[in-house]
Every structure is written in structure tokens, then in C-alpha cells.
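Source file: input-v2.pdb (PDB, C-alpha atoms)
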```
ATOM      1  CA  MET A   1       6.611 123.598  74.493  1.00  0.00           C
ATOM      2  CA  LYS A   2       3.817 124.769  72.248  1.00  0.00           C
ATOM      3  CA  HIS A   3       1.288 122.506  70.572  1.00  0.00           C
ATOM      4  CA  PHE A   4       2.385 122.790  66.974  1.00  0.00           C
ATOM      5  CA  TRP A   5       0.515 122.273  63.738  1.00  0.00           C
ATOM      6  CA  GLY A   6       3.674 120.645  62.362  1.00  0.00           C
ATOM      7  CA  ASP A   7       6.239 118.996  64.647  1.00  0.00           C
ATOM      8  CA  TYR A   8       9.522 117.437  63.445  1.00  0.00           C
ATOM      9  CA  GLN A   9      12.695 116.049  65.017  1.00  0.00           C
ATOM     10  CA  ASN A  10      16.027 114.639  63.965  1.00  0.00           C
ATOM     11  CA  GLU A  11      19.050 113.673  66.069  1.00  0.00           C
ATOM     12  CA  SER A  12      19.981 117.291  66.830  1.00  0.00           C
ATOM     13  CA  TYR A  13      16.945 119.558  66.548  1.00  0.00           C
ATOM     14  CA  ARG A  14      13.224 119.855  66.950  1.00  0.00           C
ATOM     15  CA  VAL A  15      11.235 122.194  64.705  1.00  0.00           C
ATOM     16  CA  GLY A  16       7.664 123.319  65.305  1.00  0.00           C
ATOM     17  CA  CYS A  17       5.448 125.148  62.803  1.00  0.00           C
ATOM     18  CA  THR A  18       2.506 127.270  63.895  1.00  0.00           C
ATOM     19  CA  GLY A  19       1.736 128.938  60.578  1.00  0.00           C
ATOM     20  CA  GLY A  20       3.162 132.349  61.360  1.00  0.00           C
ATOM     21  CA  THR A  21       6.295 131.225  63.202  1.00  0.00           C
ATOM     22  CA  ILE A  22       8.844 128.432  62.877  1.00  0.00           C
ATOM     23  CA  TYR A  23      10.351 127.484  66.265  1.00  0.00           C
ATOM     24  CA  VAL A  24      13.713 125.720  66.580  1.00  0.00           C
ATOM     25  CA  TYR A  25      14.858 123.814  69.684  1.00  0.00           C
ATOM     26  CA  ASP A  26      18.118 122.066  70.478  1.00  0.00           C
ATOM     27  CA  LYS A  27      18.241 118.439  71.600  1.00  0.00           C
ATOM     28  CA  SER A  28      17.872 119.538  75.229  1.00  0.00           C
ATOM     29  CA  GLY A  29      14.589 121.290  74.480  1.00  0.00           C
ATOM     30  CA  ASN A  30      15.901 124.849  74.630  1.00  0.00           C
ATOM     31  CA  GLU A  31      14.431 127.302  72.154  1.00  0.00           C
ATOM     32  CA  ILE A  32      17.273 128.658  70.041  1.00  0.00           C
ATOM     33  CA  ALA A  33      15.529 130.462  67.159  1.00  0.00           C
ATOM     34  CA  ARG A  34      12.264 131.739  65.730  1.00  0.00           C
ATOM     35  CA  PHE A  35      11.773 132.374  62.025  1.00  0.00           C
ATOM     36  CA  LYS A  36       9.023 134.515  60.533  1.00  0.00           C
ATOM     37  CA  ASP A  37      10.134 134.726  56.929  1.00  0.00           C
ATOM     38  CA  PHE A  38       6.749 133.891  55.363  1.00  0.00           C
ATOM     39  CA  PRO A  39       3.189 133.165  56.538  1.00  0.00           C
ATOM     40  CA  TYR A  40       1.130 129.959  56.549  1.00  0.00           C
ATOM     41  CA  ALA A  41       4.166 127.743  57.191  1.00  0.00           C
ATOM     42  CA  TYR A  42       2.602 124.541  58.494  1.00  0.00           C
ATOM     43  CA  THR A  43       4.589 121.565  57.159  1.00  0.00           C
ATOM     44  CA  ALA A  44       8.262 120.653  56.903  1.00  0.00           C
ATOM     45  CA  ALA A  45      10.760 117.854  56.260  1.00  0.00           C
ATOM     46  CA  PHE A  46      14.344 117.249  57.334  1.00  0.00           C
ATOM     47  CA  MET A  47      17.016 116.529  54.731  1.00  0.00           C
ATOM     48  CA  PRO A  48      18.485 113.053  55.334  1.00  0.00           C
ATOM     49  CA  GLY A  49      21.876 113.227  57.012  1.00  0.00           C
ATOM     50  CA  ARG A  50      21.914 117.036  57.308  1.00  0.00           C
ATOM     51  CA  ASN A  51      20.570 119.607  59.747  1.00  0.00           C
ATOM     52  CA  ILE A  52      18.666 121.310  56.961  1.00  0.00           C
ATOM     53  CA  ILE A  53      14.904 121.517  56.927  1.00  0.00           C
ATOM     54  CA  ALA A  54      12.492 122.413  54.141  1.00  0.00           C
ATOM     55  CA  VAL A  55       9.353 124.298  55.182  1.00  0.00           C
ATOM     56  CA  LYS A  56       6.325 124.633  52.898  1.00  0.00           C
ATOM     57  CA  SER A  57       3.820 127.453  53.105  1.00  0.00           C
ATOM     58  CA  THR A  58       0.273 127.047  51.830  1.00  0.00           C
ATOM     59  CA  GLU A  59       0.781 130.509  50.316  1.00  0.00           C
ATOM     60  CA  GLY A  60       3.057 128.942  47.702  1.00  0.00           C
ATOM     61  CA  ILE A  61       6.478 129.477  49.294  1.00  0.00           C
ATOM     62  CA  LEU A  62       9.328 127.088  50.085  1.00  0.00           C
ATOM     63  CA  GLY A  63      11.970 127.903  52.679  1.00  0.00           C
ATOM     64  CA  PHE A  64      15.171 125.939  53.273  1.00  0.00           C
ATOM     65  CA  TYR A  65      16.828 126.501  56.667  1.00  0.00           C
ATOM     66  CA  ASP A  66      20.283 125.515  57.901  1.00  0.00           C
ATOM     67  CA  LEU A  67      19.767 124.799  61.591  1.00  0.00           C
ATOM     68  CA  ASP A  68      23.481 124.633  62.403  1.00  0.00           C
ATOM     69  CA  THR A  69      23.877 128.271  61.372  1.00  0.00           C
ATOM     70  CA  LEU A  70      20.269 129.206  62.185  1.00  0.00           C
ATOM     71  CA  SER A  71      19.880 130.823  58.797  1.00  0.00           C
ATOM     72  CA  LEU A  72      17.503 130.832  55.856  1.00  0.00           C
ATOM     73  CA  ARG A  73      19.444 129.297  52.974  1.00  0.00           C
ATOM     74  CA  LYS A  74      16.850 129.964  50.287  1.00  0.00           C
ATOM     75  CA  LYS A  75      13.318 131.241  49.908  1.00  0.00           C
ATOM     76  CA  ILE A  76      11.428 130.269  46.759  1.00  0.00           C
ATOM     77  CA  THR A  77       8.086 131.691  45.685  1.00  0.00           C
ATOM     78  CA  VAL A  78       6.506 128.890  43.693  1.00  0.00           C
ATOM     79  CA  THR A  79       3.260 130.744  43.052  1.00  0.00           C
ATOM     80  CA  LYS A  80       1.025 133.460  44.448  1.00  0.00           C
ATOM     81  CA  ILE A  81      -2.022 131.171  44.184  1.00  0.00           C
ATOM     82  CA  GLY A  82      -3.010 129.956  47.663  1.00  0.00           C
ATOM     83  CA  GLY A  83      -3.852 126.472  48.895  1.00  0.00           C
ATOM     84  CA  GLN A  84      -0.508 124.872  48.090  1.00  0.00           C
ATOM     85  CA  ASP A  85      -0.790 121.886  50.420  1.00  0.00           C
ATOM     86  CA  GLU A  86       0.394 119.034  48.212  1.00  0.00           C
ATOM     87  CA  GLY A  87       3.129 116.638  49.255  1.00  0.00           C
ATOM     88  CA  PHE A  88       6.906 117.026  49.127  1.00  0.00           C
ATOM     89  CA  GLY A  89      10.080 115.374  50.327  1.00  0.00           C
ATOM     90  CA  PHE A  90      13.804 114.793  49.934  1.00  0.00           C
ATOM     91  CA  SER A  91      15.358 111.906  48.084  1.00  0.00           C
ATOM     92  CA  PRO A  92      16.918 109.335  50.450  1.00  0.00           C
ATOM     93  CA  ASP A  93      20.440 110.545  49.591  1.00  0.00           C
ATOM     94  CA  GLY A  94      19.434 114.174  50.182  1.00  0.00           C
ATOM     95  CA  ARG A  95      20.587 115.288  46.727  1.00  0.00           C
ATOM     96  CA  PHE A  96      17.149 116.349  45.495  1.00  0.00           C
ATOM     97  CA  PHE A  97      13.955 117.865  46.831  1.00  0.00           C
ATOM     98  CA  TYR A  98      10.653 116.936  45.179  1.00  0.00           C
ATOM     99  CA  ASN A  99       7.638 119.228  45.462  1.00  0.00           C
ATOM    100  CA  ILE A 100       4.120 118.796  44.081  1.00  0.00           C
ATOM    101  CA  GLU A 101       2.809 122.211  43.017  1.00  0.00           C
ATOM    102  CA  SER A 102      -0.218 123.954  41.543  1.00  0.00           C
ATOM    103  CA  PRO A 103       1.381 127.143  40.197  1.00  0.00           C
ATOM    104  CA  THR A 104      -1.158 128.179  37.551  1.00  0.00           C
ATOM    105  CA  CYS A 105      -4.529 126.910  38.773  1.00  0.00           C
ATOM    106  CA  PHE A 106      -6.020 124.598  41.383  1.00  0.00           C
ATOM    107  CA  VAL A 107      -6.900 121.901  38.829  1.00  0.00           C
ATOM    108  CA  ARG A 108      -3.414 121.499  37.358  1.00  0.00           C
ATOM    109  CA  THR A 109      -0.419 120.045  39.197  1.00  0.00           C
ATOM    110  CA  GLN A 110       3.225 119.536  38.428  1.00  0.00           C
ATOM    111  CA  LEU A 111       6.192 117.836  40.057  1.00  0.00           C
ATOM    112  CA  SER A 112       9.225 120.078  40.474  1.00  0.00           C
ATOM    113  CA  VAL A 113      12.690 118.787  41.289  1.00  0.00           C
ATOM    114  CA  TYR A 114      15.289 120.941  43.082  1.00  0.00           C
ATOM    115  CA  GLU A 115      18.957 120.149  43.648  1.00  0.00           C
ATOM    116  CA  THR A 116      20.007 120.722  47.253  1.00  0.00           C
ATOM    117  CA  ARG A 117      23.384 122.452  46.905  1.00  0.00           C
ATOM    118  CA  GLU A 118      21.897 125.815  45.936  1.00  0.00           C
ATOM    119  CA  PHE A 119      18.224 124.720  45.918  1.00  0.00           C
ATOM    120  CA  SER A 120      17.828 125.565  42.257  1.00  0.00           C
ATOM    121  CA  LYS A 121      15.133 123.933  40.160  1.00  0.00           C
ATOM    122  CA  VAL A 122      16.372 121.094  37.972  1.00  0.00           C
ATOM    123  CA  CYS A 123      13.171 120.343  36.093  1.00  0.00           C
ATOM    124  CA  THR A 124       9.381 120.671  36.064  1.00  0.00           C
ATOM    125  CA  LEU A 125       7.340 117.607  35.138  1.00  0.00           C
ATOM    126  CA  PHE A 126       3.734 116.831  34.141  1.00  0.00           C
ATOM    127  CA  SER A 127       2.607 120.464  33.980  1.00  0.00           C
ATOM    128  CA  GLU A 128       0.874 119.807  30.650  1.00  0.00           C
ATOM    129  CA  ASN A 129      -1.014 116.750  31.870  1.00  0.00           C
ATOM    130  CA  LYS A 130      -4.542 118.091  32.337  1.00  0.00           C
ATOM    131  CA  ARG A 131      -5.984 114.820  33.550  1.00  0.00           C
ATOM    132  CA  MET A 132      -3.524 113.665  36.200  1.00  0.00           C
ATOM    133  CA  MET A 133      -3.653 115.386  39.604  1.00  0.00           C
ATOM    134  CA  LEU A 134      -0.734 114.638  41.934  1.00  0.00           C
ATOM    135  CA  GLU A 135      -1.262 114.876  45.688  1.00  0.00           C
ATOM    136  CA  HIS A 136       1.432 113.111  47.699  1.00  0.00           C
ATOM    137  CA  LEU A 137       4.737 111.322  47.341  1.00  0.00           C
ATOM    138  CA  GLU A 138       6.891 109.124  49.524  1.00  0.00           C
ATOM    139  CA  PHE A 139      10.271 107.453  49.227  1.00  0.00           C
ATOM    140  CA  ASP A 140      11.114 103.954  50.363  1.00  0.00           C
ATOM    141  CA  ASP A 141      14.794 103.272  49.784  1.00  0.00           C
ATOM    142  CA  ASN A 142      15.262 104.567  46.242  1.00  0.00           C
ATOM    143  CA  THR A 143      11.687 104.095  45.056  1.00  0.00           C
ATOM    144  CA  CYS A 144       9.335 107.060  44.881  1.00  0.00           C
ATOM    145  CA  TYR A 145       5.619 106.325  45.176  1.00  0.00           C
ATOM    146  CA  LEU A 146       2.886 108.724  44.070  1.00  0.00           C
ATOM    147  CA  LEU A 147      -0.723 109.235  45.116  1.00  0.00           C
ATOM    148  CA  GLY A 148      -3.174 111.183  43.006  1.00  0.00           C
ATOM    149  CA  TYR A 149      -6.323 110.979  40.977  1.00  0.00           C
ATOM    150  CA  MET A 150      -7.459 111.198  37.388  1.00  0.00           C
ATOM    151  CA  ARG A 151     -10.060 113.690  36.212  1.00  0.00           C
ATOM    152  CA  ASP A 152     -12.768 112.934  33.682  1.00  0.00           C
ATOM    153  CA  ASP A 153     -13.818 115.012  30.650  1.00  0.00           C
ATOM    154  CA  LYS A 154     -15.796 117.327  32.940  1.00  0.00           C
ATOM    155  CA  ASP A 155     -12.754 117.934  35.155  1.00  0.00           C
ATOM    156  CA  MET A 156     -14.310 115.906  37.978  1.00  0.00           C
ATOM    157  CA  PHE A 157     -12.802 113.077  40.042  1.00  0.00           C
ATOM    158  CA  ASP A 158     -12.706 109.929  37.903  1.00  0.00           C
ATOM    159  CA  TYR A 159     -10.602 107.527  39.970  1.00  0.00           C
ATOM    160  CA  GLY A 160      -7.758 107.572  42.428  1.00  0.00           C
ATOM    161  CA  PHE A 161      -4.402 105.979  41.722  1.00  0.00           C
ATOM    162  CA  VAL A 162      -1.097 104.908  43.205  1.00  0.00           C
ATOM    163  CA  ALA A 163       1.994 104.637  41.031  1.00  0.00           C
ATOM    164  CA  VAL A 164       5.787 104.690  40.919  1.00  0.00           C
ATOM    165  CA  PHE A 165       7.724 107.749  39.806  1.00  0.00           C
ATOM    166  CA  ASP A 166      10.910 106.650  38.050  1.00  0.00           C
ATOM    167  CA  THR A 167      13.487 109.251  39.099  1.00  0.00           C
ATOM    168  CA  GLU A 168      15.861 108.231  36.293  1.00  0.00           C
ATOM    169  CA  SER A 169      13.468 108.377  33.340  1.00  0.00           C
ATOM    170  CA  LYS A 170      11.268 110.976  35.083  1.00  0.00           C
ATOM    171  CA  THR A 171       8.121 109.108  34.167  1.00  0.00           C
ATOM    172  CA  VAL A 172       5.124 107.738  36.055  1.00  0.00           C
ATOM    173  CA  LYS A 173       4.955 103.962  35.829  1.00  0.00           C
ATOM    174  CA  ASN A 174       2.603 101.153  36.818  1.00  0.00           C
ATOM    175  CA  ILE A 175      -0.476 103.222  37.612  1.00  0.00           C
ATOM    176  CA  HIS A 176      -2.988 101.272  39.718  1.00  0.00           C
ATOM    177  CA  ALA A 177      -6.527 102.536  40.178  1.00  0.00           C
ATOM    178  CA  ILE A 178      -8.001 102.749  43.672  1.00  0.00           C
ATOM    179  CA  ASP A 179     -11.578 103.548  44.658  1.00  0.00           C
ATOM    180  CA  ARG A 180     -12.725 106.866  46.079  1.00  0.00           C
ATOM    181  CA  LYS A 181     -12.968 105.669  49.681  1.00  0.00           C
ATOM    182  CA  GLN A 182      -9.443 104.229  49.676  1.00  0.00           C
ATOM    183  CA  HIS A 183      -8.074 107.301  47.924  1.00  0.00           C
ATOM    184  CA  ASP A 184      -9.676 109.755  50.355  1.00  0.00           C
ATOM    185  CA  TYR A 185      -8.474 107.887  53.435  1.00  0.00           C
ATOM    186  CA  LEU A 186      -4.915 107.611  52.100  1.00  0.00           C
ATOM    187  CA  SER A 187      -4.887 111.276  51.074  1.00  0.00           C
ATOM    188  CA  ASP A 188      -6.106 112.406  54.503  1.00  0.00           C
ATOM    189  CA  TYR A 189      -3.580 110.139  56.203  1.00  0.00           C
ATOM    190  CA  LYS A 190      -0.696 111.517  54.143  1.00  0.00           C
ATOM    191  CA  HIS A 191      -1.758 115.089  54.996  1.00  0.00           C
ATOM    192  CA  TRP A 192      -1.675 114.155  58.679  1.00  0.00           C
ATOM    193  CA  GLU A 193       1.688 112.462  58.239  1.00  0.00           C
ATOM    194  CA  LEU A 194       3.098 115.665  56.698  1.00  0.00           C
ATOM    195  CA  SER A 195       2.338 117.440  59.982  1.00  0.00           C
ATOM    196  CA  GLY A 196       4.313 114.895  61.989  1.00  0.00           C
ATOM    197  CA  PHE A 197       1.060 113.275  63.190  1.00  0.00           C
ATOM    198  CA  THR A 198       0.176 116.169  65.474  1.00  0.00           C
ATOM    199  CA  GLU A 199      -3.114 116.326  67.343  1.00  0.00           C
ATOM    200  CA  LYS A 200      -3.623 119.918  66.227  1.00  0.00           C
ATOM    201  CA  SER A 201      -3.490 118.899  62.578  1.00  0.00           C
ATOM    202  CA  ARG A 202      -5.827 115.971  63.168  1.00  0.00           C
ATOM    203  CA  LYS A 203      -8.468 118.283  64.658  1.00  0.00           C
ATOM    204  CA  TRP A 204      -8.849 119.893  61.227  1.00  0.00           C
ATOM    205  CA  SER A 205      -8.817 116.597  59.373  1.00  0.00           C
ATOM    206  CA  SER A 206     -11.614 114.275  58.332  1.00  0.00           C
ATOM    207  CA  LEU A 207      -9.715 111.695  60.406  1.00  0.00           C
ATOM    208  CA  LYS A 208     -10.750 113.482  63.615  1.00  0.00           C
ATOM    209  CA  PRO A 209     -13.988 111.553  64.339  1.00  0.00           C
ATOM    210  CA  LEU A 210     -12.384 108.140  63.792  1.00  0.00           C
ATOM    211  CA  GLU A 211     -11.811 106.153  66.978  1.00  0.00           C
ATOM    212  CA  HIS A 212      -8.997 104.189  65.367  1.00  0.00           C
ATOM    213  CA  ILE A 213      -6.695 105.245  62.537  1.00  0.00           C
ATOM    214  CA  ASP A 214      -4.972 102.454  60.629  1.00  0.00           C
ATOM    215  CA  ARG A 215      -1.441 103.344  59.652  1.00  0.00           C
ATOM    216  CA  THR A 216      -0.906 103.124  55.928  1.00  0.00           C
ATOM    217  CA  SER A 217       1.370 104.276  53.122  1.00  0.00           C
ATOM    218  CA  ILE A 218       1.323 104.741  49.392  1.00  0.00           C
ATOM    219  CA  LYS A 219       3.808 101.878  49.114  1.00  0.00           C
ATOM    220  CA  GLU A 220       1.521  99.558  51.087  1.00  0.00           C
ATOM    221  CA  ILE A 221      -1.456 100.241  48.833  1.00  0.00           C
ATOM    222  CA  TYR A 222       0.719 100.021  45.718  1.00  0.00           C
ATOM    223  CA  LYS A 223       2.139  96.654  46.764  1.00  0.00           C
ATOM    224  CA  SER A 224      -1.350  95.332  47.499  1.00  0.00           C
ATOM    225  CA  LYS A 225      -2.344  96.188  43.927  1.00  0.00           C
ATOM    226  CA  GLU A 226       0.778  94.497  42.563  1.00  0.00           C
ATOM    227  CA  ALA A 227       0.034  91.228  44.391  1.00  0.00           C
TER     228      ALA A 227
END
```
The structure in this file should be written as C-alpha cells.
Amino acid sequence: MKHFWGDYQNESYRVGCTGGTIYVYDKSGNEIARFKDFPYAYTAAFMPGRNIIAVKSTEGILGFYDLDTLSLRKKITVTKIGGQDEGFGFSPDGRFFYNIESPTCFVRTQLSVYETREFSKVCTLFSENKRMMLEHLEFDDNTCYLLGYMRDDKDMFDYGFVAVFDTESKTVKNIHAIDRKQHDYLSDYKHWELSGFTEKSRKWSSLKPLEHIDRTSIKEIYKSKEA
């Protein structure tokens, strides 16, 4: 098999992303499909309990594929502004897909929520918050943790933060500041995690020269700040 930029598996399928092509393999390792529906497709995530995978392009496109039917369920153009490499993921019950986006400019982010029956957008959050920049998210059970940073009056990095996103009230709660070094390491780690921890992705990461990489998570850092 190829050395992929993004490499993902569930109980039935393996999916590899090279940027230009999305490769699909069955559980025996046989290639069963190739998709070339949009460029710069590097990262993906499986829906819990379903053979559906979301693929994110840095060109600002989302694609949702049904691997049982080997078909593209939905293609969404979020923006035509490049560099869309923020985090994303499904809720643990698979009912919603959360995507951090920069649709209008590189210094403004928003959190968009999509339902997963038709993959239609339910809501867009925090688009008017000029200070808060969202970067990554992760779910643990039913809790969603966020990583980002705050900008100062000159639109520069002020401080990093970890927080909880309340999916019911749709608000960010319990923001804890973290220093630049801790923020940068966690951000780089989460980018690598989005690739499925591939060696190809690490070669382009600031993690590459490190002899040892400590596994971490937004939850772990958040809990350390709560202690």
C-alpha cells in the first residue's frame, strides 16, 4: 500500500488520503475505490458506528463518502479561501459533524455544525468573535474540548487556551490560558493526530526533529488546569 498523508481505519475499511486521491481498501487490504472529487484532500474522520467518512480539503471543501455504496454522499464548499486546515470531528453518537472554518479571512474562525442525515448545516457559531481563534476540537464521551488562542488589540497571538464547548447551550465554557510553548506543541500534535499519526505528515511538522513525542490531548491539558 501507499504511504499516505492521512491514513484511517475502522472495522470494515481503510482509507488513505494523498491530497489528489482518496483510496479505499476493504478489510482484506484490497483496493476497491479511488475518489478524485476535489484536490488537497489530506485529512479525514470516520463517523462512529457507520461506514461513512468525512474528508476535509485544505482548499475549503468537505466531502462525505458512504463506503458501503462507494459513493460521494455530499460535497460542501465551505470557502474558496485556501489553508483550511483546522480541526473537525463527529459527535460520539454520529448525529452531528463539527468543523472549524475560516470562510472569510485567515484571522477569523467559526465553528459550524452539520447534521449527518443530509449533511446540512444546523448552525454557525462564533463568526463575530474577532479575538478568539479556534484550531482543534476533540470529543471524550459527550464532552467537546477546544484548543485555540486569543488575539490582542494588534491581532497578534496573546495567549493560548483550552476550553469546553457546551453542545447544548452552544457556548464556550471554562477557558483556561496556556503558554505559547504548550499551545504550539498541542496544536502541532493535534495536526499530526488528524492525519492518523502518519510518518509522511510528521515530516512536514515541527514535531519532525523531536526524538520523542509525548502523547497528549486537549482533555489532558484541560484537566491539568482544572486540578
Check which residues of stretch 153-195 of chain A sit at most 12 Å from stretch 104-117 of chain A using only C-alpha atoms, and return one row each with the closest pair of atoms and their distance in Å to one decimal, ordered by chain and rising number, as a Markdown table.
```
| residue | atom | partner | partner_atom | distance |
| --- | --- | --- | --- | --- |
| A:Lys154 | CA | A:Val107 | CA | 11.6 |
| A:Asp155 | CA | A:Val107 | CA | 8.0 |
| A:Met156 | CA | A:Val107 | CA | 9.6 |
| A:Phe157 | CA | A:Val107 | CA | 10.7 |
| A:Phe165 | CA | A:Leu111 | CA | 10.2 |
| A:Thr167 | CA | A:Val113 | CA | 9.8 |
| A:Lys170 | CA | A:Leu111 | CA | 9.9 |
| A:Thr171 | CA | A:Leu111 | CA | 10.7 |
| A:Val172 | CA | A:Leu111 | CA | 10.9 |
```
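When atom CA of A:Asp179 is paired with atom CA of A:Ile221, their separation reads 11.4 Å.
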- Selection dump of the PyMOL selection byres ((chain A and resi 22) around 6), as a PyMOL selection string: chain A and resi 16-17+21+23+34-35
Selection result of the PyMOL selection byres ((chain A and resi 204-208) around 12) on this file, as a short mmCIF file (atom, residue, chain, number, x, y, z; two decimals) with C-alpha atoms, in the coordinates of the input:
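Below is the file that was written, result19.cif:
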```cif
data_model
loop_
_atom_site.label_atom_id
_atom_site.label_comp_id
_atom_site.auth_asym_id
_atom_site.auth_seq_id
_atom_site.Cartn_x
_atom_site.Cartn_y
_atom_site.Cartn_z
CA TRP A 5 0.52 122.27 63.74
CA ASP A 184 -9.68 109.76 50.36
CA TYR A 185 -8.47 107.89 53.44
CA LEU A 186 -4.92 107.61 52.10
CA SER A 187 -4.89 111.28 51.07
CA ASP A 188 -6.11 112.41 54.50
CA TYR A 189 -3.58 110.14 56.20
CA LYS A 190 -0.70 111.52 54.14
CA HIS A 191 -1.76 115.09 55.00
CA TRP A 192 -1.68 114.16 58.68
CA GLU A 193 1.69 112.46 58.24
CA SER A 195 2.34 117.44 59.98
CA PHE A 197 1.06 113.28 63.19
CA THR A 198 0.18 116.17 65.47
CA GLU A 199 -3.11 116.33 67.34
CA LYS A 200 -3.62 119.92 66.23
CA SER A 201 -3.49 118.90 62.58
CA ARG A 202 -5.83 115.97 63.17
CA LYS A 203 -8.47 118.28 64.66
CA PRO A 209 -13.99 111.55 64.34
CA LEU A 210 -12.38 108.14 63.79
CA GLU A 211 -11.81 106.15 66.98
CA HIS A 212 -9.00 104.19 65.37
CA ILE A 213 -6.70 105.24 62.54
CA ASP A 214 -4.97 102.45 60.63
CA ARG A 215 -1.44 103.34 59.65
#
```
- Message: When you look at stretch 57-68 of chain A with a cut-off of 7 Å (counting only C-alpha atoms), what residues show up, excluding the ones that are within fewer than 6 positions of it in the same chain? I need them as number ranges by chain.
- Response: A: 39-42, 51, 74-85
